[in-house]
$ cat model18.json   # JSON, C-alpha atoms
[["chain", "number", "residue", "atom", "x", "y", "z"],
["V", 23, "MET", "CA", 88.51, 70.74, 93.36],
["V", 24, "LYS", "CA", 91.39, 70.41, 95.79],
["V", 25, "PHE", "CA", 94.12, 72.71, 97.05],
["V", 26, "PHE", "CA", 97.52, 71.53, 98.26],
["V", 27, "ASP", "CA", 100.54, 72.94, 100.05],
["V", 28, "VAL", "CA", 104.02, 72.54, 98.56],
["V", 29, "LYS", "CA", 104.39, 69.14, 100.26],
["V", 30, "GLY", "CA", 101.23, 67.77, 98.67],
["V", 31, "LYS", "CA", 99.05, 68.01, 101.79],
["V", 32, "GLU", "CA", 95.47, 69.07, 101.13],
["V", 33, "ILE", "CA", 94.55, 72.51, 102.48],
["V", 34, "CYS", "CA", 91.45, 74.71, 102.41],
["V", 35, "LEU", "CA", 90.83, 77.48, 99.88],
["V", 36, "GLU", "CA", 91.46, 80.25, 102.41],
["V", 37, "LYS", "CA", 94.84, 78.84, 103.43],
["V", 38, "PHE", "CA", 95.76, 78.33, 99.77],
["V", 39, "VAL", "CA", 95.13, 82.00, 98.94],
["V", 40, "ASN", "CA", 96.74, 83.27, 102.14],
["V", 41, "ASP", "CA", 99.94, 81.21, 102.00],
["V", 42, "TYR", "CA", 100.69, 81.35, 98.30],
["V", 43, "SER", "CA", 99.79, 85.03, 97.87],
["V", 44, "LYS", "CA", 102.32, 85.96, 100.56],
["V", 45, "ASP", "CA", 105.02, 84.08, 98.67],
["V", 46, "TYR", "CA", 104.42, 86.42, 95.72],
["V", 47, "PHE", "CA", 106.29, 89.17, 97.57],
["V", 48, "LEU", "CA", 109.96, 89.68, 98.35],
["V", 49, "SER", "CA", 109.03, 89.35, 102.02],
["V", 50, "GLY", "CA", 107.61, 85.85, 101.42],
["V", 51, "LYS", "CA", 108.90, 82.69, 103.09],
["V", 52, "GLY", "CA", 110.20, 81.12, 99.91],
["V", 53, "LEU", "CA", 107.64, 78.31, 99.74],
["V", 54, "VAL", "CA", 108.14, 77.93, 95.99],
["V", 55, "PRO", "CA", 111.76, 78.03, 94.81],
["V", 56, "GLY", "CA", 112.99, 80.07, 91.88],
["V", 57, "LEU", "CA", 110.33, 82.78, 91.83],
["V", 58, "ARG", "CA", 110.98, 86.35, 90.70],
["V", 59, "ARG", "CA", 109.20, 87.85, 93.68],
["V", 60, "SER", "CA", 107.62, 91.28, 93.70],
["V", 61, "SER", "CA", 108.04, 94.53, 95.55],
["V", 62, "ALA", "CA", 105.13, 95.40, 97.84],
["V", 63, "TYR", "CA", 105.71, 99.05, 96.96],
["V", 64, "VAL", "CA", 105.40, 98.38, 93.22],
["V", 65, "GLU", "CA", 102.35, 96.19, 93.75],
["V", 66, "LYS", "CA", 100.60, 98.93, 95.74],
["V", 67, "VAL", "CA", 101.17, 101.47, 92.97],
["V", 68, "ILE", "CA", 99.89, 99.02, 90.34],
["V", 69, "THR", "CA", 96.82, 98.21, 92.46],
["V", 70, "ASP", "CA", 96.13, 101.92, 92.88],
["V", 71, "ILE", "CA", 96.19, 102.34, 89.09],
["V", 72, "LEU", "CA", 93.77, 99.42, 88.78],
["V", 73, "ASP", "CA", 91.40, 100.86, 91.38],
["V", 74, "LYS", "CA", 91.53, 104.51, 90.32],
["V", 75, "GLY", "CA", 91.98, 104.05, 86.59],
["V", 76, "ILE", "CA", 94.75, 105.00, 84.18],
["V", 77, "LYS", "CA", 95.39, 108.73, 84.53],
["V", 78, "THR", "CA", 98.73, 109.42, 82.86],
["V", 79, "GLU", "CA", 101.03, 108.06, 80.17],
["V", 80, "PRO", "CA", 103.56, 106.90, 82.81],
["V", 81, "ASP", "CA", 100.72, 104.81, 84.31],
["V", 82, "VAL", "CA", 100.62, 102.85, 81.04],
["V", 83, "ALA", "CA", 104.40, 102.48, 81.10],
["V", 84, "ARG", "CA", 104.27, 101.13, 84.65],
["V", 85, "ILE", "CA", 101.51, 98.63, 83.81],
["V", 86, "LEU", "CA", 103.39, 97.22, 80.83],
["V", 87, "ALA", "CA", 106.75, 97.13, 82.60],
["V", 88, "TRP", "CA", 105.08, 95.28, 85.49],
["V", 89, "LYS", "CA", 103.50, 92.66, 83.23],
["V", 90, "ILE", "CA", 106.42, 92.26, 80.80],
["V", 91, "GLY", "CA", 108.92, 91.90, 83.65],
["V", 92, "LYS", "CA", 110.94, 95.07, 83.20],
["V", 93, "ILE", "CA", 110.97, 96.21, 86.84],
["V", 94, "ARG", "CA", 113.86, 95.61, 89.23],
["V", 95, "HIS", "CA", 111.77, 94.67, 92.23],
["V", 96, "LYS", "CA", 114.40, 94.46, 94.96],
["V", 97, "GLU", "CA", 115.85, 97.87, 94.06],
["V", 98, "SER", "CA", 112.37, 99.34, 93.69],
["V", 99, "GLU", "CA", 111.39, 98.08, 97.12],
["V", 100, "ASP", "CA", 114.59, 99.39, 98.72],
["V", 101, "ASN", "CA", 114.25, 102.84, 97.13],
["V", 102, "LYS", "CA", 110.44, 103.07, 97.18],
["V", 103, "LYS", "CA", 110.31, 104.06, 93.53],
["V", 104, "PHE", "CA", 110.11, 102.27, 90.21],
["V", 105, "ILE", "CA", 113.52, 101.15, 89.00],
["V", 106, "TYR", "CA", 113.51, 99.56, 85.56],
["V", 107, "ALA", "CA", 115.61, 97.09, 83.61],
["V", 108, "SER", "CA", 118.36, 98.65, 81.49],
["V", 109, "ASP", "CA", 116.35, 98.53, 78.25],
["V", 110, "TRP", "CA", 113.39, 100.21, 80.01],
["V", 111, "VAL", "CA", 115.31, 102.67, 82.15],
["V", 112, "ASN", "CA", 113.57, 105.58, 80.37],
["V", 113, "ALA", "CA", 110.13, 103.96, 80.46],
["V", 114, "GLU", "CA", 108.45, 106.85, 82.24],
["V", 115, "GLN", "CA", 109.79, 109.11, 79.50],
["V", 116, "LEU", "CA", 108.03, 106.63, 77.17],
["V", 117, "SER", "CA", 111.19, 105.20, 75.63],
["V", 118, "ALA", "CA", 111.89, 101.46, 75.71],
["V", 119, "THR", "CA", 113.07, 98.51, 73.63],
["V", 120, "ARG", "CA", 112.09, 94.85, 73.31],
["V", 121, "TYR", "CA", 114.26, 92.20, 71.68],
["V", 122, "SER", "CA", 116.78, 94.96, 70.82],
["V", 123, "ARG", "CA", 114.15, 96.83, 68.79],
["V", 124, "PRO", "CA", 112.32, 100.06, 69.65],
["V", 125, "PHE", "CA", 109.08, 99.36, 71.53],
["V", 126, "PRO", "CA", 106.24, 101.82, 70.70],
["V", 127, "LEU", "CA", 105.58, 102.69, 74.33],
["V", 128, "ASP", "CA", 105.02, 106.36, 73.50],
["V", 129, "THR", "CA", 102.37, 105.54, 70.89],
["V", 130, "ILE", "CA", 100.57, 103.02, 73.09],
["V", 131, "ALA", "CA", 100.57, 105.30, 76.14],
["V", 132, "HIS", "CA", 99.34, 108.29, 74.12],
["V", 133, "ASP", "CA", 96.57, 106.29, 72.41],
["V", 134, "ILE", "CA", 95.31, 104.85, 75.70],
["V", 135, "THR", "CA", 95.32, 108.07, 77.72],
["V", 136, "SER", "CA", 93.92, 110.29, 74.96],
["V", 137, "GLU", "CA", 90.89, 108.01, 74.52],
["V", 138, "ILE", "CA", 90.62, 106.75, 78.10],
["V", 139, "THR", "CA", 86.94, 107.52, 78.73],
["V", 140, "GLY", "CA", 85.77, 105.81, 75.57],
["V", 141, "LEU", "CA", 88.11, 102.86, 76.01],
["V", 142, "GLU", "CA", 86.96, 102.26, 79.59],
["V", 143, "LYS", "CA", 83.34, 102.25, 78.42],
["V", 144, "ILE", "CA", 84.06, 99.77, 75.62],
["V", 145, "ALA", "CA", 86.12, 97.58, 77.97],
["V", 146, "LYS", "CA", 83.16, 97.05, 80.30],
["V", 147, "GLU", "CA", 80.45, 96.75, 77.64],
["V", 148, "ASP", "CA", 82.27, 94.97, 74.80],
["V", 149, "PRO", "CA", 85.59, 93.42, 75.87],
["V", 150, "GLN", "CA", 86.18, 91.78, 72.49],
["V", 151, "GLY", "CA", 85.55, 95.14, 70.84],
["V", 152, "LEU", "CA", 88.14, 96.72, 73.12],
["V", 153, "LEU", "CA", 90.72, 94.06, 72.24],
["V", 154, "ASN", "CA", 90.02, 94.51, 68.54],
["V", 155, "THR", "CA", 90.37, 98.28, 68.93],
["V", 156, "ILE", "CA", 93.78, 98.15, 70.61],
["V", 157, "ASN", "CA", 95.12, 95.32, 68.44],
["V", 158, "LYS", "CA", 97.02, 97.68, 66.15],
["V", 159, "PRO", "CA", 99.80, 96.65, 63.72],
["V", 160, "GLU", "CA", 101.97, 99.52, 64.94],
["V", 161, "TYR", "CA", 101.98, 98.05, 68.46],
["V", 162, "ARG", "CA", 105.02, 95.90, 67.73],
["V", 163, "GLY", "CA", 105.96, 93.64, 70.64],
["V", 164, "MET", "CA", 102.49, 93.81, 72.21],
["V", 165, "GLY", "CA", 101.30, 90.22, 72.23],
["V", 166, "SER", "CA", 97.89, 88.87, 73.18],
["V", 167, "VAL", "CA", 98.70, 88.60, 76.89],
["V", 168, "TYR", "CA", 99.64, 92.29, 77.07],
["V", 169, "LEU", "CA", 96.53, 93.38, 75.18],
["V", 170, "VAL", "CA", 94.43, 91.40, 77.66],
["V", 171, "THR", "CA", 96.38, 93.09, 80.46],
["V", 172, "LEU", "CA", 95.22, 96.47, 79.16],
["V", 173, "LEU", "CA", 91.66, 95.14, 79.08],
["V", 174, "TYR", "CA", 92.06, 94.16, 82.73],
["V", 175, "PHE", "CA", 93.05, 97.68, 83.73],
["V", 176, "LEU", "CA", 90.63, 99.49, 81.42],
["V", 177, "SER", "CA", 87.73, 97.37, 82.72],
["V", 178, "LYS", "CA", 88.98, 97.81, 86.31],
["V", 179, "ALA", "CA", 89.16, 94.04, 86.83],
["V", 180, "GLU", "CA", 85.77, 93.23, 85.34],
["V", 181, "TYR", "CA", 87.76, 90.90, 83.07],
["V", 182, "PRO", "CA", 90.84, 89.12, 84.39],
["V", 183, "ILE", "CA", 94.49, 89.43, 83.62],
["V", 184, "PHE", "CA", 95.82, 86.30, 81.90],
["V", 185, "ASP", "CA", 98.92, 84.37, 82.86],
["V", 186, "GLN", "CA", 100.19, 80.93, 81.89],
["V", 187, "PHE", "CA", 101.18, 80.14, 85.48],
["V", 188, "ALA", "CA", 97.73, 81.07, 86.75],
["V", 189, "MET", "CA", 96.20, 78.91, 84.01],
["V", 190, "LYS", "CA", 98.35, 75.95, 85.07],
["V", 191, "ALA", "CA", 97.30, 76.51, 88.68],
["V", 192, "LEU", "CA", 93.62, 76.55, 87.75],
["V", 193, "SER", "CA", 94.04, 73.33, 85.76],
["V", 194, "ALA", "CA", 95.81, 71.67, 88.70],
["V", 195, "ILE", "CA", 93.08, 72.74, 91.14],
["V", 196, "LYS", "CA", 90.27, 71.51, 88.89],
["V", 197, "GLY", "CA", 92.10, 68.24, 88.27],
["V", 198, "ASN", "CA", 92.86, 67.67, 91.97],
["V", 199, "THR", "CA", 96.55, 67.51, 91.01],
["V", 200, "ALA", "CA", 99.05, 67.91, 93.85],
["V", 201, "PRO", "CA", 102.65, 69.11, 93.49],
["V", 202, "LYS", "CA", 105.35, 66.55, 94.26],
["V", 203, "VAL", "CA", 108.05, 67.13, 96.86],
["V", 204, "GLY", "CA", 111.47, 67.23, 95.23],
["V", 205, "GLU", "CA", 110.05, 67.22, 91.70],
["V", 206, "LYS", "CA", 112.51, 69.39, 89.74],
["V", 207, "VAL", "CA", 110.44, 69.93, 86.61],
["V", 208, "GLY", "CA", 107.05, 69.93, 88.26],
["V", 209, "VAL", "CA", 103.92, 67.86, 87.67],
["V", 210, "GLU", "CA", 102.49, 68.27, 84.18],
["V", 211, "VAL", "CA", 98.99, 69.67, 83.71],
["V", 212, "GLU", "CA", 97.08, 70.53, 80.55],
["V", 213, "PHE", "CA", 96.41, 74.21, 80.00],
["V", 214, "ILE", "CA", 95.11, 76.64, 77.39],
["V", 215, "ASP", "CA", 97.22, 79.52, 76.10],
["V", 216, "LEU", "CA", 96.06, 82.60, 74.21],
["V", 217, "PRO", "CA", 96.21, 82.67, 70.39],
["V", 218, "ASP", "CA", 98.56, 85.03, 68.58],
["V", 219, "LYS", "CA", 97.07, 88.49, 68.07],
["V", 220, "GLN", "CA", 97.57, 88.13, 64.31],
["V", 221, "SER", "CA", 95.61, 84.88, 64.12],
["V", 222, "LYS", "CA", 91.93, 84.66, 63.16],
["V", 223, "ARG", "CA", 91.22, 83.15, 66.57],
["V", 224, "PHE", "CA", 92.09, 86.42, 68.30],
["V", 225, "SER", "CA", 88.84, 88.01, 67.10],
["V", 226, "ASN", "CA", 86.93, 85.44, 69.20],
["V", 227, "ILE", "CA", 89.28, 85.22, 72.16],
["V", 228, "MET", "CA", 86.65, 86.36, 74.68],
["V", 229, "GLU", "CA", 84.24, 83.62, 73.53],
["V", 230, "ASN", "CA", 86.88, 80.90, 73.58],
["V", 231, "GLU", "CA", 90.13, 81.02, 75.56],
["V", 232, "MET", "CA", 89.16, 83.84, 77.90],
["V", 233, "ALA", "CA", 85.67, 82.42, 78.45],
["V", 234, "ILE", "CA", 87.24, 79.13, 79.56],
["V", 235, "TYR", "CA", 89.68, 80.97, 81.82],
["V", 236, "ILE", "CA", 86.95, 83.13, 83.38],
["V", 237, "GLY", "CA", 84.72, 80.09, 83.79],
["V", 238, "MET", "CA", 87.43, 78.32, 85.80],
["V", 239, "LEU", "CA", 87.94, 81.38, 88.01],
["V", 240, "ASP", "CA", 84.19, 81.64, 88.61],
["V", 241, "GLU", "CA", 83.82, 77.95, 89.38],
["V", 242, "ILE", "CA", 86.64, 77.91, 91.92],
["V", 243, "PHE", "CA", 86.46, 81.38, 93.50],
["V", 244, "GLY", "CA", 83.04, 82.77, 92.59],
["V", 245, "ASP", "CA", 83.26, 86.46, 91.69],
["V", 246, "LYS", "CA", 85.73, 87.19, 94.50],
["V", 247, "TRP", "CA", 88.60, 87.07, 91.99],
["V", 248, "LYS", "CA", 87.39, 90.44, 90.67],
["V", 249, "THR", "CA", 88.08, 92.22, 93.95],
["V", 250, "ASP", "CA", 90.75, 90.13, 95.69],
["V", 251, "ARG", "CA", 94.18, 90.52, 94.07],
["V", 252, "ASP", "CA", 95.53, 87.87, 96.44],
["V", 253, "ILE", "CA", 93.77, 85.21, 94.36],
["V", 254, "ASP", "CA", 95.71, 86.15, 91.23],
["V", 255, "ARG", "CA", 98.96, 86.33, 93.21],
["V", 256, "ALA", "CA", 98.35, 82.90, 94.77],
["V", 257, "LEU", "CA", 97.58, 81.34, 91.39],
["V", 258, "TRP", "CA", 100.73, 82.81, 89.84],
["V", 259, "VAL", "CA", 102.90, 81.39, 92.63],
["V", 260, "TYR", "CA", 101.17, 77.99, 92.67],
["V", 261, "GLY", "CA", 101.42, 77.63, 88.91],
["V", 262, "HIS", "CA", 105.23, 77.57, 89.17],
["V", 263, "LEU", "CA", 104.94, 74.14, 90.77],
["V", 264, "PHE", "CA", 103.62, 72.66, 87.51],
["V", 265, "THR", "CA", 104.72, 72.24, 83.93],
["V", 266, "GLY", "CA", 102.27, 72.62, 81.08],
["V", 267, "ASN", "CA", 100.98, 70.69, 78.12],
["V", 268, "LYS", "CA", 99.07, 73.04, 75.81],
["V", 269, "LYS", "CA", 95.69, 71.90, 74.55],
["V", 270, "SER", "CA", 93.10, 73.26, 72.17],
["V", 271, "ALA", "CA", 90.53, 75.75, 73.37],
["V", 272, "CYS", "CA", 87.74, 74.21, 71.28],
["V", 273, "ARG", "CA", 84.52, 74.28, 73.28]]

$ encode --input "model18.json" --output "structure tokens"
Amino acid sequence: MKFFDVKGKEICLEKFVNDYSKDYFLSGKGLVPGLRRSSAYVEKVITDILDKGIKTEPDVARILAWKIGKIRHKESEDNKKFIYASDWVNAEQLSATRYSRPFPLDTIAHDITSEITGLEKIAKEDPQGLLNTINKPEYRGMGSVYLVTLLYFLSKAEYPIFDQFAMKALSAIKGNTAPKVGEKVGVEVEFIDLPDKQSKRFSNIMENEMAIYIGMLDEIFGDKWKTDRDIDRALWVYGHLFTGNKKSACR
């Protein structure tokens, strides 16, 4: 397993995490072009929710806006408060839209906070059970990745967040694949995506796709990925240097 800088030079694991995780933020050096970099202020609030647990309905709104990409990071950083995209401007009042349709943010936030103690217990003891519980038909616009995101927060990082870019990064690291200088479309790597929440495969996602994903994290980083958010940030940044070719998750 090898790690590389943006010029294709091999580097150590510690430098990989340090350099690429810094590029995740607006204050980064721009190692990887074209990123939608994040506000350090927003990231601190999100990390606090992860560490302390979901307490309020606006916490749920902030988590989903963060993952779905509905936060204006530069404005949020400048003003030291969450500033949302136009279709999520009332997110903390639990009103939002996706694809020009109402998004059931109020229902999701109420369901999560009203049952928080039980959901946190299930998340740690039976992650697949938690996913099955929150996979509700009325949660329109909540795909598999966002359901897994809620598992991440409800389990307090016992189970990882999932991201295609992080998956591509893990595949590149395991395959000793280096990025190419000046490569516009990126080097292609094979990666596994999550099944649709309406598919039969979703009911076994923790035994298949997520088990593979967790196994790769464990193999490369040990269990440090559970406590070091910089690992996830570095993987997200690094993954933008690669394109993906989806493959089956059959084990």

$ atom_distance --input "model18.json" --atom1 "CA of Lys51 (chain V)" --atom2 "CA of Ile90 (chain V)"
24.4 Å

$ closest_atom_pairs --input "model18.json" --of "region 70-96 of chain V" --to "region 157-171 of chain V" --cutoff "9 Å" --atoms "all atoms listed in the file" --output "Markdown table"
| residue | atom | partner | partner_atom | distance |
| --- | --- | --- | --- | --- |
| V:Ile85 | CA | V:Thr171 | CA | 8.3 |
| V:Leu86 | CA | V:Tyr168 | CA | 7.2 |
| V:Lys89 | CA | V:Tyr168 | CA | 7.3 |
| V:Ile90 | CA | V:Tyr168 | CA | 7.7 |

$ write_last_selection --input "model18.json" --atoms "C-alpha atoms" --output "mmCIF file, keeping the file's coordinate frame"
data_model
loop_
_atom_site.group_PDB
_atom_site.id
_atom_site.type_symbol
_atom_site.label_atom_id
_atom_site.label_comp_id
_atom_site.auth_asym_id
_atom_site.auth_seq_id
_atom_site.Cartn_x
_atom_site.Cartn_y
_atom_site.Cartn_z
ATOM 1 C CA ILE V 85 101.510 98.630 83.810
ATOM 2 C CA LEU V 86 103.390 97.220 80.830
ATOM 3 C CA LYS V 89 103.500 92.660 83.230
ATOM 4 C CA ILE V 90 106.420 92.260 80.800
#

$ closest_atom_pairs --input "model18.json" --of "region 204-247 of chain V" --to "region 149-156 of chain V" --cutoff "8 Å" --atoms "all atoms listed in the file" --output "Markdown table"
| residue | atom | partner | partner_atom | distance |
| --- | --- | --- | --- | --- |
| V:Ser225 | CA | V:Asn154 | CA | 6.8 |
| V:Asn226 | CA | V:Gln150 | CA | 7.2 |
| V:Ile227 | CA | V:Gln150 | CA | 7.3 |
| V:Met228 | CA | V:Gln150 | CA | 5.9 |

$ write_last_selection --input "model18.json" --atoms "C-alpha atoms" --output "PDB file, in the frame of the given file"
ATOM      1  CA  SER V 225      88.840  88.010  67.100  1.00  0.00           C
ATOM      2  CA  ASN V 226      86.930  85.440  69.200  1.00  0.00           C
ATOM      3  CA  ILE V 227      89.280  85.220  72.160  1.00  0.00           C
ATOM      4  CA  MET V 228      86.650  86.360  74.680  1.00  0.00           C
TER       5      MET V 228
END

$ residues_around --input "model18.json" --residues "Gln115 (chain V)" --least-positions-apart "2" --cutoff "10 Å" --atoms "all atoms listed in the file" --output "PDB file with C-alpha atoms, in the coordinates of the input"
ATOM      1  CA  GLU V  79     101.030 108.060  80.170  1.00  0.00           C
ATOM      2  CA  PRO V  80     103.560 106.900  82.810  1.00  0.00           C
ATOM      3  CA  ALA V  83     104.400 102.480  81.100  1.00  0.00           C
ATOM      4  CA  TRP V 110     113.390 100.210  80.010  1.00  0.00           C
ATOM      5  CA  VAL V 111     115.310 102.670  82.150  1.00  0.00           C
ATOM      6  CA  ASN V 112     113.570 105.580  80.370  1.00  0.00           C
ATOM      7  CA  ALA V 113     110.130 103.960  80.460  1.00  0.00           C
ATOM      8  CA  SER V 117     111.190 105.200  75.630  1.00  0.00           C
ATOM      9  CA  ALA V 118     111.890 101.460  75.710  1.00  0.00           C
ATOM     10  CA  LEU V 127     105.580 102.690  74.330  1.00  0.00           C
ATOM     11  CA  ASP V 128     105.020 106.360  73.500  1.00  0.00           C
TER      12      ASP V 128
END

$ atom_distance --input "model18.json" --atom1 "CA of Asp254 (chain V)" --atom2 "CA of Tyr106 (chain V)"
23.0 Å

$ residues_around --input "model18.json" --residues "Phe243 (chain V)" --least-positions-apart "3" --cutoff "12 Å" --atoms "all atoms listed in the file" --output "list of chain:residue names"
V:Met23, V:Leu35, V:Glu36, V:Phe38, V:Val39, V:Leu192, V:Ile195, V:Lys196, V:Ile236, V:Gly237, V:Met238, V:Leu239, V:Asp240, V:Lys246, V:Trp247, V:Lys248, V:Thr249, V:Asp250, V:Arg251, V:Asp252, V:Ile253, V:Asp254, V:Leu257

$ atom_distance --input "model18.json" --atom1 "CA of Leu172 (chain V)" --atom2 "CA of Tyr235 (chain V)"
16.7 Å

$ residues_around --input "model18.json" --residues "Val203 (chain V)" --least-positions-apart "4" --cutoff "12 Å" --atoms "all atoms listed in the file" --output "list of chain:residue names"
V:Phe26, V:Asp27, V:Val28, V:Lys29, V:Gly30, V:Lys31, V:Leu53, V:Val54, V:Pro55, V:Val207, V:Gly208, V:Val209, V:Leu263, V:Phe264

$ closest_residue --input "model18.json" --among "V:Arg58, V:Ala87, V:Asp45, V:Gly75" --to "Leu173 (chain V)" --atoms "all atoms listed in the file"
V:Gly75

$ closest_residue --input "model18.json" --among "V:Val64, V:Asp215, V:Cys34, V:Lys24" --to "Glu231 (chain V)" --atoms "only C-alpha atoms"
V:Asp215

$ closest_residue --input "model18.json" --among "V:Gly50, V:Asn198, V:Phe104, V:Lys37" --to "Lys66 (chain V)" --atoms "only C-alpha atoms"
V:Phe104
